[in-house]
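Report on the structure given below.
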Amino acid sequence: MAVNENLNENNSQQGSEVVRGVIARAKGEPVETVNIVVPAPGEHDVVVKIQACGVCHTDLAYRDGDIEDAFPFLLGHEAAGVVERVGDAVTHVEVGDFVVLNWRAVCGECRACKKGEPKYCFNTHNASQSMTLDDDTPLTPALGIGSFAEKTLVHEKQCTKVDPEADPAAAGLLGCGIMAGLGAAVNTGEVQRGESVVVFGLGGVGLAAVAGAALAGASTVVAVDVDKRKCDVATEKFGATHAICSKDMSEDDVIEAVRELTGGFGADVAIDAVGIQPTWRQAFYSRDHAGRMVMVGVPNLTDHVDIPAIDLYGRGGSIKPAWYGDCLPERDFPAYVALSKAGNFPLDKFVSERIALDDVEQAFTTMKSGKVLRSVVEF
Ligand SMILES: NC(=O)c1ccc[n+]([C@@H]2O[C@H](COP(=O)([O-])OP(=O)(O)OC[C@H]3O[C@@H](n4cnc5c(N)ncnc54)[C@H](O)[C@@H]3O)[C@@H](O)[C@H]2O)c1
Ligand SMILES: [Zn+2]
Ligand SMILES: [Zn+2]
């Protein structure tokens, strides 16, 4: 009897759990909150109790089938929470650790890692098993995370410990868009003290690039958006020195306006945080000669960059994509949480509203209205 009781206890401790999560079942359909099954952690897996998760454009892109076709998706990927269960071989985190989840769990073994460029890791770690619907249908977790859920299963290296005093809603945003924008300026663009920077598109990603440029010591930070409200926020809260509302301007007029604000030559670094042809063109031509252009906005599957080869060659410099802002979560997440705590980076200002798990579909509508930087689900 005592032996059986022990076995049952072990089973419930080691078994799967059923929690609520937000899924996208089919292309373009509204998302649903349903029961999902979180398996017991495999050797290097970890179950994280989610405390907060931001709503990112990429979640909407998954719902709309713009990323891949592996429905149903478990959405959510900008999250912070507490480690609740760990697999037998886990050494990276412990039960009770406060962590931000990441989608670049560097492997240390692939050719990029071996070359000393882990920011390009080609083999980043994910959980060893799938979460499922309660009829066993496997779920594809967004960016290998899936954190619009009370609990999620990830690889131990997808968890980055940060200061537990941080607000989970703000800290979790470092897990994707805010880190991507920040890193686009600091890591990919390598903004130096005294340089000039222009950022196109002032959503969460672009404003993080603005704040990152200011933090890196840029003396001129020009913020460009078609939405005047975003321009005002950029100068009032995120450190832009100038803003251009480009709504009724021609592309060439925008380029000229940036040149005027940057000594007549153009910016040292031009960051596109929209991901469309008009802003790539504006970013390309608003650089100074030999300036750096950074692409952090994600193109759709069919778009092209249409720039004459002679201009590519003749204007010199570089065009660099910023995947996840070339971040290294273990280096960068704790650092920006600390900078935020010290009042040197406005992480908390990206949290526009706090919502419930059932409100994710509504948050997509709010996102499209341009009224928020980030809606954040709190649990
Ligand atoms: N590279 C990465 O690792 C990474 C990570 C996260 C997000 N992203 C991408 O970054 C981009 C921005 O994300 P977000 O969450 O900030 O989106 P968002 O929708 O909140 O912001 C986009 C902004 O661009 C502005 N805009 C639209 N058309 C414009 C134009 N013609 N000129 C100037 N501004 C214009 C909008 O008004 C809005 O303020 C998206 O493409 C997203 O997929 C990239
Ligand atoms: Zn690697
Ligand atoms: Zn994201």
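Following the order of the structure tokens, chains are lettered A, B, ..., residues in each are numbered from 1, and ligands are numbered from 1.
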
Give me the residues of chain A that have any atom at most 7 Å from an atom of ligand 1; for each, the nearest atom pair and the distance in Å, rounded to one decimal. Use only C-alpha atoms and all ligand atoms, sort by chain and number, and format it as CSV.
```
residue,atom,partner,partner_atom_place_in_ligand_line,distance
A:Cys56,CA,ligand 1,15 (O),5.7
A:His57,CA,ligand 1,15 (O),5.1
A:Thr58,CA,ligand 1,43 (O),5.5
A:Cys176,CA,ligand 1,6 (C),5.5
A:Gly177,CA,ligand 1,6 (C),3.9
A:Ala180,CA,ligand 1,3 (O),4.9
A:Phe200,CA,ligand 1,33 (C),5.2
A:Gly201,CA,ligand 1,24 (O),3.6
A:Leu202,CA,ligand 1,39 (O),4.3
A:Gly203,CA,ligand 1,21 (O),3.2
A:Gly204,CA,ligand 1,16 (O),4.0
A:Val205,CA,ligand 1,16 (O),3.8
A:Gly206,CA,ligand 1,16 (O),5.5
A:Val224,CA,ligand 1,33 (C),5.7
A:Asp225,CA,ligand 1,34 (N),3.6
A:Val226,CA,ligand 1,34 (N),4.7
A:Asp227,CA,ligand 1,37 (O),5.0
A:Lys230,CA,ligand 1,39 (O),6.0
A:Ser246,CA,ligand 1,32 (N),6.4
A:Ala273,CA,ligand 1,11 (C),4.8
A:Val274,CA,ligand 1,11 (C),4.8
A:Gly275,CA,ligand 1,41 (O),4.9
A:Pro278,CA,ligand 1,31 (N),6.0
A:Thr279,CA,ligand 1,32 (N),5.7
A:Val296,CA,ligand 1,1 (N),4.1
A:Gly297,CA,ligand 1,41 (O),3.6
A:Val298,CA,ligand 1,41 (O),4.0
A:Pro299,CA,ligand 1,41 (O),6.5
A:Ala322,CA,ligand 1,1 (N),5.2
A:Trp323,CA,ligand 1,3 (O),4.0
A:Tyr324,CA,ligand 1,3 (O),3.3
A:Gly325,CA,ligand 1,3 (O),5.8
A:Met367,CA,ligand 1,20 (O),6.6
A:Lys368,CA,ligand 1,19 (O),6.7
A:Gly370,CA,ligand 1,39 (O),6.3
A:Leu373,CA,ligand 1,20 (O),5.8
```

Please identify which residues in stretch 268-376 of chain A DSSP calls helix (DSSP H, G or I) from the backbone, and express them as a PyMOL selection string. chain A and resi 277-285+309-314+323-326+329-341+347-350+357-369

State, in Å with one decimal place, the distance from atom CA of A:Ser130 to atom CA of A:Glu32.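 Atom CA of A:Glu32 lies 18.8 Å from atom CA of A:Ser130.
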
Residues of chain A that have any atom at most 10 Å from an atom of ligand 2: could you tabulate them with the shortest-distance atom pair and the distance in Å to one decimal, using only C-alpha atoms and all ligand atoms, ordered by chain and increasing number, as a Markdown table?
```
| residue | atom | partner | partner_atom_place_in_ligand_line | distance |
| --- | --- | --- | --- | --- |
| A:Arg104 | CA | ligand 2 | 1 (Zn) | 9.1 |
| A:Ala105 | CA | ligand 2 | 1 (Zn) | 8.2 |
| A:Val106 | CA | ligand 2 | 1 (Zn) | 5.0 |
| A:Cys107 | CA | ligand 2 | 1 (Zn) | 4.0 |
| A:Gly108 | CA | ligand 2 | 1 (Zn) | 4.7 |
| A:Glu109 | CA | ligand 2 | 1 (Zn) | 5.1 |
| A:Cys110 | CA | ligand 2 | 1 (Zn) | 4.0 |
| A:Arg111 | CA | ligand 2 | 1 (Zn) | 6.6 |
| A:Ala112 | CA | ligand 2 | 1 (Zn) | 5.7 |
| A:Cys113 | CA | ligand 2 | 1 (Zn) | 4.4 |
| A:Lys114 | CA | ligand 2 | 1 (Zn) | 7.3 |
| A:Lys115 | CA | ligand 2 | 1 (Zn) | 9.4 |
| A:Gly116 | CA | ligand 2 | 1 (Zn) | 9.3 |
| A:Glu117 | CA | ligand 2 | 1 (Zn) | 8.3 |
| A:Pro118 | CA | ligand 2 | 1 (Zn) | 5.8 |
| A:Lys119 | CA | ligand 2 | 1 (Zn) | 8.3 |
| A:Tyr120 | CA | ligand 2 | 1 (Zn) | 7.2 |
| A:Cys121 | CA | ligand 2 | 1 (Zn) | 3.6 |
| A:Phe122 | CA | ligand 2 | 1 (Zn) | 5.2 |
| A:Asn123 | CA | ligand 2 | 1 (Zn) | 5.0 |
| A:Thr124 | CA | ligand 2 | 1 (Zn) | 6.0 |
| A:His125 | CA | ligand 2 | 1 (Zn) | 8.7 |
```

Write out, as a compact mmCIF listing (two decimals), in the first residue's frame, the residues just selected, with N, CA and C atoms.
```
# COMPACT_ATOMS: atom_id res chain seq x y z
N ARG A 104 17.17 32.23 -28.64
CA ARG A 104 18.53 31.98 -29.12
C ARG A 104 19.30 31.30 -27.99
N ALA A 105 19.03 30.00 -27.82
CA ALA A 105 19.71 29.23 -26.78
C ALA A 105 20.94 28.63 -27.43
N VAL A 106 22.04 29.36 -27.40
CA VAL A 106 23.20 28.99 -28.23
C VAL A 106 23.74 27.61 -27.86
N CYS A 107 24.11 26.85 -28.92
CA CYS A 107 24.46 25.45 -28.71
C CYS A 107 25.92 25.27 -28.33
N GLY A 108 26.78 26.19 -28.78
CA GLY A 108 28.21 26.05 -28.48
C GLY A 108 28.93 25.06 -29.37
N GLU A 109 28.21 24.39 -30.26
CA GLU A 109 28.80 23.29 -31.04
C GLU A 109 28.73 23.50 -32.55
N CYS A 110 27.80 24.34 -33.02
CA CYS A 110 27.61 24.44 -34.48
C CYS A 110 28.76 25.24 -35.09
N ARG A 111 28.77 25.35 -36.42
CA ARG A 111 29.91 26.02 -37.06
C ARG A 111 29.99 27.49 -36.69
N ALA A 112 28.83 28.16 -36.47
CA ALA A 112 28.87 29.57 -36.06
C ALA A 112 29.44 29.69 -34.65
N CYS A 113 28.96 28.86 -33.75
CA CYS A 113 29.46 28.91 -32.37
C CYS A 113 30.96 28.62 -32.35
N LYS A 114 31.38 27.63 -33.14
CA LYS A 114 32.80 27.26 -33.15
C LYS A 114 33.67 28.37 -33.73
N LYS A 115 33.07 29.18 -34.62
CA LYS A 115 33.83 30.32 -35.17
C LYS A 115 33.87 31.49 -34.21
N GLY A 116 33.21 31.33 -33.05
CA GLY A 116 33.16 32.44 -32.09
C GLY A 116 32.09 33.44 -32.42
N GLU A 117 31.05 33.02 -33.17
CA GLU A 117 29.95 33.93 -33.50
C GLU A 117 28.62 33.33 -33.06
N PRO A 118 28.46 33.13 -31.75
CA PRO A 118 27.24 32.47 -31.27
C PRO A 118 25.96 33.24 -31.58
N LYS A 119 26.08 34.53 -31.90
CA LYS A 119 24.87 35.28 -32.26
C LYS A 119 24.24 34.72 -33.54
N TYR A 120 25.01 33.96 -34.32
CA TYR A 120 24.45 33.33 -35.52
C TYR A 120 24.14 31.85 -35.29
N CYS A 121 24.19 31.38 -34.05
CA CYS A 121 24.02 29.94 -33.77
C CYS A 121 22.95 29.32 -34.68
N PHE A 122 23.34 28.25 -35.38
CA PHE A 122 22.44 27.61 -36.34
C PHE A 122 21.68 26.44 -35.72
N ASN A 123 21.88 26.21 -34.46
CA ASN A 123 21.31 24.98 -33.87
C ASN A 123 20.78 25.28 -32.47
N THR A 124 20.04 26.38 -32.33
CA THR A 124 19.65 26.78 -30.98
C THR A 124 18.70 25.75 -30.37
N HIS A 125 18.80 25.59 -29.08
CA HIS A 125 18.08 24.51 -28.38
C HIS A 125 16.60 24.82 -28.18
```

DSSP on the backbone, then: every residue of stretch 176-238 of chain A marked strand (DSSP E or B), written as a PyMOL selection string. chain A and resi 196-200+220-225

Dump N, CA and C atoms for the selected residues as a tab-separated table (two decimals), in the first residue's frame?
```tsv
chain	number	residue	atom	x	y	z
A	196	SER	N	25.45	59.90	-35.66
A	196	SER	CA	24.05	60.22	-35.95
A	196	SER	C	23.34	58.96	-36.41
A	197	VAL	N	22.08	58.84	-35.98
A	197	VAL	CA	21.29	57.63	-36.26
A	197	VAL	C	19.91	58.05	-36.71
A	198	VAL	N	19.35	57.34	-37.70
A	198	VAL	CA	17.95	57.55	-38.05
A	198	VAL	C	17.24	56.20	-37.96
A	199	VAL	N	16.04	56.21	-37.38
A	199	VAL	CA	15.26	54.98	-37.22
A	199	VAL	C	13.92	55.16	-37.93
A	200	PHE	N	13.59	54.23	-38.82
A	200	PHE	CA	12.31	54.26	-39.54
A	200	PHE	C	11.36	53.25	-38.92
A	220	THR	N	22.87	62.59	-32.38
A	220	THR	CA	21.63	62.91	-33.10
A	220	THR	C	20.87	61.61	-33.33
A	221	VAL	N	19.62	61.57	-32.90
A	221	VAL	CA	18.78	60.39	-33.16
A	221	VAL	C	17.48	60.89	-33.79
A	222	VAL	N	17.33	60.61	-35.08
A	222	VAL	CA	16.15	61.06	-35.80
A	222	VAL	C	15.16	59.90	-35.87
A	223	ALA	N	13.92	60.15	-35.45
A	223	ALA	CA	12.90	59.11	-35.43
A	223	ALA	C	11.86	59.41	-36.51
A	224	VAL	N	11.56	58.43	-37.36
A	224	VAL	CA	10.64	58.66	-38.49
A	224	VAL	C	9.47	57.67	-38.41
A	225	ASP	N	8.26	58.18	-38.52
A	225	ASP	CA	7.09	57.30	-38.59
A	225	ASP	C	5.98	58.04	-39.32
```

Nearest-residue call for A:Gly314, choices A:Ala184, A:Ala80, A:Ala290, A:Cys327, using only C-alpha atoms: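 Ranking A:Ala184, A:Ala80, A:Ala290, A:Cys327 by distance to A:Gly314, first place goes to A:Ala290.
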
Contacts of A:Asp306 at 10 Å or less, counting only C-alpha atoms, minus same-chain residues fewer than 3 places along, as a ChimeraX atom specification? /A:277-278,280-281,303,309

Export of the given selection (N, CA and C atoms) as an mmCIF file, in the first residue's frame:
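Saved result, part.cif, follows:
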```
data_model
loop_
_atom_site.group_PDB
_atom_site.id
_atom_site.type_symbol
_atom_site.label_atom_id
_atom_site.label_comp_id
_atom_site.auth_asym_id
_atom_site.auth_seq_id
_atom_site.Cartn_x
_atom_site.Cartn_y
_atom_site.Cartn_z
ATOM 1 N N GLN A 277 9.517 47.954 -48.623
ATOM 2 C CA GLN A 277 10.354 48.580 -49.651
ATOM 3 C C GLN A 277 10.551 50.103 -49.452
ATOM 4 N N PRO A 278 9.472 50.882 -49.199
ATOM 5 C CA PRO A 278 9.694 52.336 -49.086
ATOM 6 C C PRO A 278 10.673 52.707 -47.969
ATOM 7 N N TRP A 280 13.041 50.706 -46.634
ATOM 8 C CA TRP A 280 14.413 50.263 -46.967
ATOM 9 C C TRP A 280 15.075 51.322 -47.832
ATOM 10 N N ARG A 281 14.323 51.808 -48.830
ATOM 11 C CA ARG A 281 14.902 52.795 -49.742
ATOM 12 C C ARG A 281 15.280 54.066 -48.976
ATOM 13 N N ASP A 303 8.703 40.103 -50.945
ATOM 14 C CA ASP A 303 9.206 41.453 -51.240
ATOM 15 C C ASP A 303 10.646 41.443 -51.765
ATOM 16 N N ALA A 309 22.528 48.720 -58.585
ATOM 17 C CA ALA A 309 23.804 48.159 -58.140
ATOM 18 C C ALA A 309 24.875 49.237 -58.010
#
```

Can you work out which one of A:Ala70, A:Ala26, A:Leu101, A:Val34 has the shortest atom-to-atom distance to ligand 3, counting only C-alpha atoms and all ligand atoms?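 When distances to ligand 3 are compared using only C-alpha atoms and all ligand atoms, the smallest one comes from A:Leu101.
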
Near stretch 249-263 of chain A, within 7 Å and counting only C-alpha atoms, which residues show up once chain neighbours fewer than 2 positions away are dropped, as a ChimeraX atom specification? /A:196,246-247,265-267,282,285-286

Let me see the file: selected residues, C-alpha atoms, as a PDB file, in the first residue's frame.
```pdb
ATOM      1  CA  SER A 196      24.053  60.217 -35.948  1.00  0.00           C
ATOM      2  CA  SER A 246       6.506  61.140 -42.921  1.00  0.00           C
ATOM      3  CA  LYS A 247       2.799  60.566 -43.554  1.00  0.00           C
ATOM      4  CA  PHE A 265      25.365  64.363 -45.367  1.00  0.00           C
ATOM      5  CA  GLY A 266      23.025  61.767 -43.912  1.00  0.00           C
ATOM      6  CA  ALA A 267      23.184  59.540 -40.850  1.00  0.00           C
ATOM      7  CA  GLN A 282      14.647  55.727 -47.340  1.00  0.00           C
ATOM      8  CA  TYR A 285      19.661  56.799 -49.131  1.00  0.00           C
ATOM      9  CA  SER A 286      19.477  58.692 -45.848  1.00  0.00           C
TER      10      SER A 286
END
```
